[in-house]
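Text of the file model_14.txt, holding compact mmCIF, C-alpha atoms:
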# COMPACT_ATOMS: atom_id res chain seq x y z
CA GLY A 1 -87.49 57.31 292.73
CA ALA A 2 -87.78 55.30 289.54
CA GLY A 3 -90.85 53.40 290.64
CA VAL A 4 -93.27 52.91 293.50
CA SER A 5 -91.39 51.61 296.52
CA GLN A 6 -93.01 49.69 299.35
CA THR A 7 -91.42 48.73 302.64
CA PRO A 8 -91.05 46.31 304.19
CA SER A 9 -91.34 43.69 301.48
CA ASN A 10 -92.34 41.13 304.07
CA LYS A 11 -93.80 41.54 307.54
CA VAL A 12 -94.66 38.83 310.03
CA THR A 13 -96.56 39.93 313.10
CA GLU A 14 -98.45 38.37 315.95
CA LYS A 15 -102.21 38.53 316.18
CA GLY A 16 -103.29 41.64 318.04
CA LYS A 17 -100.21 43.71 317.19
CA TYR A 18 -100.08 47.02 315.32
CA VAL A 19 -98.34 47.31 311.95
CA GLU A 20 -97.42 50.10 309.57
CA LEU A 21 -96.80 49.63 305.88
CA ARG A 22 -95.07 52.34 303.88
CA CYS A 23 -95.49 53.43 300.28
CA ASP A 24 -93.19 55.85 298.48
CA PRO A 25 -94.89 56.84 295.20
CA ILE A 26 -93.32 58.04 291.99
CA SER A 27 -92.11 61.59 292.46
CA GLY A 28 -94.73 64.11 291.40
CA HIS A 29 -97.63 61.67 291.35
CA THR A 30 -100.59 63.25 293.10
CA ALA A 31 -102.82 60.18 293.23
CA LEU A 32 -102.01 57.24 295.48
CA TYR A 33 -103.98 54.01 295.98
CA TRP A 34 -103.82 51.13 298.41
CA TYR A 35 -105.07 47.68 297.44
CA ARG A 36 -105.11 44.34 299.25
CA GLN A 37 -104.54 41.07 297.42
CA SER A 38 -105.43 37.84 299.19
CA LEU A 39 -104.07 34.53 297.98
CA GLY A 40 -105.65 33.49 294.70
CA GLN A 41 -107.62 36.71 294.37
CA GLY A 42 -107.35 39.92 292.45
CA PRO A 43 -106.43 43.16 294.21
CA GLU A 44 -109.24 44.81 296.20
CA PHE A 45 -109.41 48.58 296.56
CA LEU A 46 -108.85 50.01 300.03
CA ILE A 47 -108.30 53.77 299.78
CA TYR A 48 -107.43 56.54 297.31
CA PHE A 49 -105.56 59.77 298.08
CA GLN A 50 -105.49 62.87 295.93
CA GLY A 51 -102.71 64.95 297.42
CA THR A 52 -102.85 64.82 301.21
CA GLY A 53 -106.50 63.96 301.56
CA ALA A 54 -108.27 60.62 301.37
CA ALA A 55 -110.68 61.16 298.50
CA ASP A 56 -112.25 57.71 298.81
CA ASP A 57 -111.78 55.33 301.74
CA SER A 58 -114.81 53.19 300.98
CA GLY A 59 -112.69 50.05 300.62
CA LEU A 60 -111.26 50.04 304.13
CA PRO A 61 -112.77 46.91 305.72
CA ASN A 62 -113.23 48.29 309.25
CA ASP A 63 -111.96 50.89 311.68
CA ARG A 64 -108.80 48.90 312.45
CA PHE A 65 -107.47 50.12 309.11
CA PHE A 66 -106.28 53.68 308.63
CA ALA A 67 -104.01 55.43 306.12
CA VAL A 68 -102.31 58.80 306.01
CA ARG A 69 -100.38 60.86 303.51
CA PRO A 70 -99.43 63.98 305.48
CA GLU A 71 -97.24 65.72 302.90
CA GLY A 72 -98.87 64.43 299.75
CA SER A 73 -96.05 62.03 298.96
CA VAL A 74 -95.24 59.04 301.20
CA SER A 75 -98.25 57.16 302.57
CA THR A 76 -98.53 54.83 305.53
CA LEU A 77 -101.20 52.17 305.92
CA LYS A 78 -101.80 51.39 309.58
CA ILE A 79 -103.51 48.27 310.88
CA GLN A 80 -104.44 48.00 314.55
CA ARG A 81 -105.12 44.79 316.48
CA THR A 82 -104.16 42.64 313.52
CA GLU A 83 -106.12 39.47 312.82
CA ARG A 84 -105.11 36.37 310.88
CA GLY A 85 -107.58 37.37 308.17
CA ASP A 86 -105.51 40.49 307.51
CA SER A 87 -102.78 38.31 306.01
CA ALA A 88 -102.39 39.37 302.38
CA VAL A 89 -100.18 41.31 300.01
CA TYR A 90 -100.78 45.03 300.35
CA LEU A 91 -100.19 46.87 297.09
CA CYS A 92 -99.67 50.56 296.58
CA ALA A 93 -100.04 52.39 293.27
CA SER A 94 -99.59 55.97 292.14
CA SER A 95 -100.63 57.96 289.10
CA SER A 96 -100.08 61.46 287.80
CA GLY A 97 -103.60 62.59 287.13
CA GLN A 98 -107.26 61.90 287.50
CA PRO A 99 -107.91 58.39 288.66
CA MET A 100 -108.12 55.83 285.95
CA ASN A 101 -107.50 58.33 283.14
CA THR A 102 -103.80 57.86 283.49
CA GLU A 103 -101.69 54.80 284.08
CA ALA A 104 -101.38 53.67 287.67
CA PHE A 105 -97.97 52.21 288.53
CA PHE A 106 -97.90 49.52 291.19
CA GLY A 107 -95.25 48.71 293.75
CA GLN A 108 -94.15 45.16 294.47
CA GLY A 109 -96.25 45.00 297.58
CA THR A 110 -95.79 44.17 301.24
CA ARG A 111 -96.61 40.60 302.17
CA LEU A 112 -98.19 40.71 305.62
CA THR A 113 -98.49 37.49 307.60
CA VAL A 114 -100.36 37.50 310.89
CA VAL A 115 -99.58 34.47 313.04
CA GLY B 1 -121.48 46.08 293.07
CA GLU B 2 -118.96 45.57 290.33
CA ASP B 3 -118.05 42.00 289.50
CA VAL B 4 -115.26 40.98 287.15
CA GLU B 5 -114.93 37.31 286.27
CA GLN B 6 -112.16 35.35 284.58
CA SER B 7 -111.34 31.70 284.13
CA LEU B 8 -108.57 30.66 286.51
CA PHE B 9 -106.16 28.76 284.27
CA LEU B 10 -104.99 28.61 280.66
CA SER B 11 -102.22 26.50 279.14
CA VAL B 12 -100.86 27.00 275.65
CA ARG B 13 -97.88 25.78 273.66
CA GLU B 14 -95.08 28.15 272.85
CA GLY B 15 -95.74 29.87 269.54
CA ASP B 16 -99.52 29.42 269.71
CA SER B 17 -101.96 32.24 270.38
CA SER B 18 -103.46 32.70 273.85
CA VAL B 19 -106.91 34.13 274.43
CA ILE B 20 -107.85 35.23 277.94
CA ASN B 21 -111.48 36.14 278.53
CA CYS B 22 -113.19 38.39 281.05
CA THR B 23 -116.75 39.44 281.81
CA TYR B 24 -117.69 42.51 283.80
CA THR B 25 -120.88 44.01 285.16
CA ASP B 26 -120.55 47.79 285.26
CA SER B 27 -121.66 49.15 281.90
CA SER B 28 -120.59 52.67 282.91
CA SER B 29 -116.89 51.77 283.10
CA THR B 30 -114.90 54.22 281.01
CA TYR B 31 -111.78 52.12 280.63
CA LEU B 32 -111.03 48.41 280.76
CA TYR B 33 -107.54 47.18 281.48
CA TRP B 34 -105.30 44.16 281.28
CA TYR B 35 -102.56 43.81 283.88
CA LYS B 36 -99.79 41.19 284.10
CA GLN B 37 -98.39 39.91 287.38
CA GLU B 38 -95.24 37.82 287.47
CA PRO B 39 -94.16 35.93 290.61
CA GLY B 40 -92.87 38.29 293.27
CA ALA B 41 -93.52 41.34 291.12
CA GLY B 42 -96.03 44.13 291.13
CA LEU B 43 -98.81 44.57 288.61
CA GLN B 44 -97.74 45.76 285.18
CA LEU B 45 -100.21 47.51 282.91
CA LEU B 46 -100.20 45.73 279.54
CA THR B 47 -102.87 47.62 277.68
CA TYR B 48 -106.22 49.29 278.10
CA ILE B 49 -109.20 50.08 275.93
CA PHE B 50 -111.61 52.97 276.04
CA SER B 51 -115.20 51.86 276.33
CA ASN B 52 -116.26 53.37 272.99
CA MET B 53 -113.75 51.20 271.10
CA ASP B 54 -114.26 47.60 270.13
CA MET B 55 -110.69 46.65 269.30
CA LYS B 56 -107.18 47.76 270.09
CA GLN B 57 -103.96 46.23 268.79
CA ASP B 58 -100.53 46.74 270.28
CA GLN B 59 -97.76 44.57 268.81
CA ARG B 60 -98.54 40.98 269.89
CA LEU B 61 -101.54 42.03 271.96
CA THR B 62 -105.09 42.42 270.67
CA VAL B 63 -107.93 43.54 272.92
CA LEU B 64 -111.51 42.93 271.87
CA LEU B 65 -114.43 44.57 273.66
CA ASN B 66 -118.05 43.50 273.26
CA LYS B 67 -119.85 46.15 275.23
CA LYS B 68 -123.29 44.65 274.65
CA ASP B 69 -122.25 41.37 276.25
CA LYS B 70 -119.80 43.07 278.69
CA HIS B 71 -117.07 40.77 277.46
CA LEU B 72 -113.40 41.64 277.15
CA SER B 73 -110.66 39.45 275.74
CA LEU B 74 -106.89 39.62 275.42
CA ARG B 75 -105.20 37.76 272.60
CA ILE B 76 -101.44 37.22 272.76
CA ALA B 77 -99.97 36.19 269.42
CA ASP B 78 -96.92 33.92 269.23
CA THR B 79 -96.98 33.24 272.97
CA GLN B 80 -93.54 32.94 274.56
CA THR B 81 -92.40 31.32 277.81
CA GLY B 82 -91.83 34.82 279.17
CA ASP B 83 -95.57 35.43 278.86
CA SER B 84 -96.23 32.93 281.67
CA ALA B 85 -97.86 34.98 284.43
CA ILE B 86 -101.21 35.85 285.96
CA TYR B 87 -103.31 38.20 283.84
CA PHE B 88 -105.89 40.45 285.47
CA CYS B 89 -108.78 42.13 283.77
CA ALA B 90 -109.94 45.34 285.48
CA GLU B 91 -112.70 47.86 284.98
CA SER B 92 -112.57 51.48 286.06
CA GLY B 93 -114.70 52.80 288.89
CA ALA B 94 -115.01 56.38 290.01
CA ASN B 95 -111.79 56.37 291.99
CA ASN B 96 -110.27 52.94 291.58
CA LEU B 97 -110.06 49.73 289.60
CA PHE B 98 -112.09 46.57 290.09
CA PHE B 99 -110.03 43.50 289.34
CA GLY B 100 -110.95 39.99 288.35
CA THR B 101 -109.46 36.98 290.13
CA GLY B 102 -106.81 36.60 287.45
CA THR B 103 -106.03 33.94 284.83
CA ARG B 104 -102.83 31.99 285.29
CA LEU B 105 -101.26 31.50 281.86
CA THR B 106 -98.80 28.64 281.54
CA VAL B 107 -96.75 28.44 278.36
CA ILE B 108 -95.48 24.98 277.55
CA PRO B 109 -92.14 24.95 275.69
What would you get if you wrote out this structure as structure tokens?
Amino acid sequence: GAGVSQTPSNKVTEKGKYVELRCDPISGHTALYWYRQSLGQGPEFLIYFQGTGAADDSGLPNDRFFAVRPEGSVSTLKIQRTERGDSAVYLCASSSGQPMNTEAFFGQGTRLTVV
Amino acid sequence: GEDVEQSLFLSVREGDSSVINCTYTDSSSTYLYWYKQEPGAGLQLLTYIFSNMDMKQDQRLTVLLNKKDKHLSLRIADTQTGDSAIYFCAESGANNLFFGTGTRLTVIP
């Protein structure tokens, strides 16, 4: 597509439920990143994929968070047993080359609200 | 770990220059970036500077880098109401970006 697409744009879920957030990167981009932006804060790194593999998952806060990119294109961020503190905007970005040597394009984000 | 700091708010009058400041901690960062975020929109890369440069100009935007003091600034000349947004400074890590908390720029007509 023309840009990075994230779905849904908004998600409200109950505490304890499981959610999946989807990111469709720019076609041909090998690098994909997930960030989390809490209210009034800058984005915080969660995980980076190069192709199908997670090259760096050091930003995932705990084992309730998991992400996959099985075919090296679309990625899904999965959150188990959601907590109110997980409420944030989850941003996805993709880039064509080595991380940070090329421009990363961001999607509009998924606003997750855990009630 | 990496720490990127910015002042939270800035107000300027339309037509004036805006200067947004940022300090960072990781002296090994290769690139430093400025992103713009408008309400309901994703992050848009405005400009970036390589760490061996001290200035970069791009139309109305001027980036100054003081590597000794780990200080980065973004100057917007002739600020317009459409420049109202949150501006994030970011430094490059090995595999990701470290962002500041953002500066909310308000342009007063």
Using all atoms listed in the file, which residues sit within 6 Å of Asn10 in chain A once same-chain residues fewer than 2 positions away are excluded, as a PyMOL selection string?
chain A and resi 8+110-111
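You can rank B:Ile108, B:Arg13, B:Leu74, B:Leu61 by their closest distance to Ala90 in chain B using all atoms listed in the file, and at the top of that list sits B:Leu74.
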Report as a PyMOL selection string all protein, DNA and RNA residues lying within 7 Å of Tyr24 in chain B, evaluated on only C-alpha atoms, omitting residues in the same chain fewer than 4 positions from it.
chain B and resi 3-5+70-71
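Between CA of Tyr35 in chain A and CA of Leu91 in chain A the interatomic distance comes to 5.0 Å.
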Using all atoms listed in the file, which residue out of A:Ala2, A:Ala54, A:Ala104, A:Val114 lies closest to chain B?
A:Ala104
